[in-house]
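Next comes final.txt, a file with compact mmCIF, C-alpha atoms.
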```txt
# COMPACT_ATOMS: atom_id res chain seq x y z
CA MET A 1379 9.67 58.39 25.48
CA LYS A 1380 11.64 61.66 25.63
CA LYS A 1381 14.63 60.30 23.75
CA ILE A 1382 12.42 58.43 21.30
CA ILE A 1383 10.69 61.64 20.22
CA PHE A 1384 13.96 63.48 20.28
CA ILE A 1385 15.88 61.20 17.91
CA LEU A 1386 14.18 62.08 14.67
CA PHE A 1387 13.54 65.69 15.61
CA PHE A 1388 17.15 66.41 16.37
CA VAL A 1389 18.49 64.56 13.36
CA LEU A 1390 16.48 67.08 11.40
CA ILE A 1391 17.77 69.87 13.55
CA SER A 1392 21.45 68.97 13.73
CA LEU A 1393 22.08 65.36 12.71
CA GLY A 1394 23.70 64.78 16.09
CA SER A 1395 21.15 62.52 17.65
CA VAL A 1396 21.71 59.80 15.09
CA PHE A 1397 24.04 58.65 17.82
CA ALA A 1398 21.62 59.04 20.74
CA TYR A 1399 21.45 55.32 21.43
CA SER A 1400 25.12 54.59 20.92
CA ASP A 1401 27.70 54.07 23.63
CA GLN A 1402 30.40 55.65 21.48
CA ASN A 1403 31.60 59.22 21.89
CA TYR A 1404 31.01 60.67 18.42
CA SER A 1405 31.51 64.15 17.00
CA PHE A 1406 30.60 66.17 13.93
CA ASP A 1407 33.93 65.10 12.39
CA PHE A 1408 32.76 61.49 12.53
CA ILE A 1409 29.56 62.40 10.67
CA LEU A 1410 31.53 64.37 8.09
CA ASN A 1411 34.16 61.72 7.51
CA TYR A 1412 31.99 58.60 7.79
CA LYS A 1413 28.74 59.66 6.15
CA GLU A 1414 27.56 56.15 5.28
CA ASP A 1415 28.26 54.87 8.80
CA ALA A 1416 26.41 57.86 10.28
CA ALA A 1417 23.39 57.17 8.06
CA ASP A 1418 23.49 53.48 9.02
CA ILE A 1419 23.51 54.31 12.76
CA TYR A 1420 20.51 56.59 12.26
CA ASN A 1421 18.58 54.02 10.23
CA ARG A 1422 19.27 51.22 12.74
CA ASN A 1423 17.58 53.33 15.44
CA LEU A 1424 14.64 54.49 13.35
CA ASP A 1425 12.28 51.93 14.93
CA ARG A 1426 12.53 53.87 18.21
CA VAL A 1427 10.90 56.94 16.69
CA PRO A 1428 7.10 57.30 16.96
CA LYS A 1429 5.23 56.89 13.69
CA ILE A 1430 3.63 60.34 13.89
CA ILE A 1431 7.04 62.01 13.86
CA LYS A 1432 8.46 59.75 11.15
CA ASP A 1433 5.44 60.57 9.01
CA GLN A 1434 5.98 64.33 9.36
CA PHE A 1435 9.53 64.18 8.04
CA SER A 1436 9.50 61.09 5.86
CA ASN A 1437 10.69 62.70 2.61
CA GLU A 1438 12.89 65.76 3.01
CA VAL A 1439 16.11 67.27 1.75
CA ILE A 1440 17.79 69.16 4.58
CA SER A 1441 20.69 71.55 4.31
CA LEU A 1442 22.84 71.71 7.46
CA GLU A 1443 25.33 74.57 7.45
CA VAL A 1444 27.94 74.13 10.17
CA ILE A 1445 30.44 76.73 11.32
CA ARG A 1446 33.59 74.79 12.18
CA ALA A 1447 35.96 75.53 15.06
CA ASP A 1448 38.36 77.23 12.63
CA ASN A 1449 35.50 79.50 11.37
CA SER A 1450 35.25 77.67 8.04
CA THR A 1451 31.82 76.51 6.90
CA GLU A 1452 30.75 73.00 5.98
CA VAL A 1453 27.38 72.25 4.38
CA LEU A 1454 25.86 68.79 4.57
CA TYR A 1455 22.78 67.72 2.68
CA LEU A 1456 20.62 65.09 4.38
CA VAL A 1457 18.23 63.16 2.16
CA LEU A 1458 15.34 61.40 3.91
CA GLU A 1459 13.23 58.93 1.94
CA ASP A 1460 10.44 56.97 3.60
CA SER A 1461 11.80 58.20 6.95
CA LYS A 1462 15.22 56.65 6.30
CA LEU A 1463 18.38 58.67 5.97
CA LYS A 1464 19.27 57.73 2.41
CA GLU A 1465 22.24 60.01 1.95
CA ILE A 1466 24.54 62.48 3.67
CA SER A 1467 26.41 64.51 1.09
CA THR A 1468 28.44 67.67 0.63
CA GLU A 1469 27.29 68.08 -2.99
CA HIS A 1470 24.99 71.07 -3.46
CA ARG A 1471 21.29 70.40 -3.95
CA ASP A 1472 18.60 72.77 -5.20
CA ASP A 1473 15.64 70.83 -3.75
CA VAL A 1474 16.21 71.71 -0.08
CA SER A 1475 13.03 71.76 2.02
CA LEU A 1476 14.64 72.79 5.32
CA GLU A 1477 17.79 74.81 6.08
CA LEU A 1478 19.61 74.58 9.41
CA PHE A 1479 22.50 76.71 10.67
CA MET A 1480 24.56 75.70 13.71
CA SER A 1481 28.09 75.67 15.10
CA GLU A 1482 30.22 72.56 15.29
CA SER A 1483 30.70 73.08 19.03
CA ASN A 1484 26.93 73.04 19.62
CA ILE A 1485 26.49 69.90 17.53
CA ASP A 1486 29.26 68.19 19.47
CA SER A 1487 27.84 69.30 22.82
CA ILE A 1488 24.47 67.76 21.93
CA ILE A 1489 25.96 64.55 20.51
CA GLN A 1490 28.09 64.06 23.61
CA SER A 1491 25.54 65.16 26.20
CA ASP A 1492 23.97 62.69 28.61
CA ASP A 1493 20.74 64.71 28.39
CA LYS A 1494 20.40 65.52 24.69
CA VAL A 1495 16.93 67.02 25.06
CA ALA A 1496 18.08 69.51 27.71
CA GLU A 1497 21.16 70.38 25.68
CA LEU A 1498 19.08 70.94 22.53
CA LYS A 1499 16.68 73.16 24.48
CA SER A 1500 19.65 75.15 25.77
CA VAL A 1501 21.04 75.63 22.26
CA MET A 1502 17.64 76.66 20.94
CA LYS A 1503 17.06 79.05 23.84
CA SER A 1504 20.43 80.70 23.27
CA LYS A 1505 19.49 81.22 19.59
CA ASP A 1506 22.58 79.28 18.47
CA LEU A 1507 20.43 77.27 16.07
CA THR A 1508 18.67 78.80 13.10
CA ILE A 1509 15.92 76.89 11.31
CA LYS A 1510 14.66 78.11 7.95
CA PRO A 1511 11.82 76.02 6.55
CA ASN A 1512 11.21 76.37 2.82
CA GLY A 1513 7.48 76.48 2.21
CA PHE A 1514 4.37 76.90 4.31
CA LEU A 1515 3.93 73.19 5.16
CA ASN A 1516 7.49 72.91 6.40
CA SER A 1517 6.91 75.95 8.62
CA ILE A 1518 3.96 74.13 10.19
CA LYS A 1519 6.01 70.96 10.67
CA ILE A 1520 8.76 72.87 12.47
CA SER A 1521 6.22 74.60 14.72
CA ILE A 1522 4.80 71.21 15.67
CA MET A 1523 8.24 69.77 16.41
CA LYS A 1524 9.15 72.80 18.57
CA ALA A 1525 5.93 72.32 20.51
CA VAL A 1526 6.71 68.63 21.04
CA LEU A 1527 10.18 69.52 22.28
CA PHE A 1528 8.74 72.14 24.64
CA PHE A 1529 6.56 69.55 26.36
CA ILE A 1530 9.23 66.93 26.90
CA SER A 1531 11.59 67.51 29.77
```
What's the structure tokens form of this structure?
Amino acid sequence: MKKIIFILFFVLISLGSVFAYSDQNYSFDFILNYKEDAADIYNRNLDRVPKIIKDQFSNEVISLEVIRADNSTEVLYLVLEDSKLKEISTEHRDDVSLELFMSESNIDSIIQSDDKVAELKSVMKSKDLTIKPNGFLNSIKISIMKAVLFFIS
């Protein structure tokens, strides 16, 4: 149940857990270079996510700003429609509902961790992840997801 809840939540937080049920050793570079494959992996595992969580984040545009190892910045835009990851793009969008800021090393550590929930909690506790919801309703959604994460071990 822990990983089931975690999949959708962390995709929204860092995109990394799209690979939570894969045996492969992926990285942020894979997501960046193989956007369609990354979206496909996420969508194939969507049935493992509880309906209540899918419903909360079924239609969103998420901006994920990543500080790369060389200190450059990469921004990905994640478009969710009917809970499915429709698109991962680097083209700027004005209709962002949620902004996330995180380092590449933290994304990779979560993607590659055996205990993704514990690793995410560690990153959040260290304040290495910034979440900026746009709008009151998105603020409530993020508060709910943080509470859910707090109660899973």
For Asn1484 (chain A), the nearest of the candidates A:Arg1446, A:Lys1510, A:Arg1471, A:Lys1462, counting all atoms listed in the file
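Ranked by minimum distance to Asn1484 (chain A), first place goes to A:Arg1446.
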Which value, in Å to one decimal, gives the distance between CA of Glu1414 (chain A) and CA of Ile1509 (chain A)?
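Computing it gives 24.5 Å between the two atoms.
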Please, what distance in Å, to one decimal, runs between CA of Leu1515 (chain A) and CA of Met1502 (chain A)?
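Going from CA of Leu1515 (chain A) over to CA of Met1502 (chain A), I get 21.2 Å.
CA of Val1444 (chain A) sits 16.2 Å away from CA of Tyr1412 (chain A).
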Just want the 9 Å neighbourhood of Ser1475 (chain A), counted on only C-alpha atoms, with same-chain residues fewer than 4 positions away dropped. Output as an NGL selection string.
:A and (1438-1441 or 1510-1513 or 1516)
Limited to C-alpha atoms, could you put the picked residues into a file as a compact mmCIF listing (two decimals), in the frame of the given file?
```txt
# COMPACT_ATOMS: atom_id res chain seq x y z
CA GLU A 1438 12.89 65.76 3.01
CA VAL A 1439 16.11 67.27 1.75
CA ILE A 1440 17.79 69.16 4.58
CA SER A 1441 20.69 71.55 4.31
CA LYS A 1510 14.66 78.11 7.95
CA PRO A 1511 11.82 76.02 6.55
CA ASN A 1512 11.21 76.37 2.82
CA GLY A 1513 7.48 76.48 2.21
CA ASN A 1516 7.49 72.91 6.40
```
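Residue nearest Ser1405 (chain A) within the list A:Thr1508, A:Asn1421, A:Gln1490, A:Ser1436: A:Gln1490 [criterion: smallest interatomic distance, all atoms listed in the file].
Closest approach to Leu1463 (chain A) from the set A:Asn1437, A:Asn1411, A:Ser1491, A:Asn1449 is made by A:Asn1437, with distances taken over only C-alpha atoms.
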So which one's closest to Glu1477 (chain A), A:Leu1442, A:Ile1419, A:Lys1413, A:Asp1448? Using only C-alpha atoms, please.
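Among A:Leu1442, A:Ile1419, A:Lys1413, A:Asp1448, it is A:Leu1442 that comes nearest to Glu1477 (chain A).
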Using all atoms listed in the file, find the one residue out of A:Asn1423, A:Lys1499, A:Ala1417, A:Glu1482 that sits nearest to Leu1456 (chain A).
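Nearest to Leu1456 (chain A): A:Ala1417.
Shortest atom-to-atom contact with Ser1461 (chain A) among A:Lys1503, A:Lys1494, A:Arg1422, A:Lys1432: A:Lys1432, counting only C-alpha atoms.
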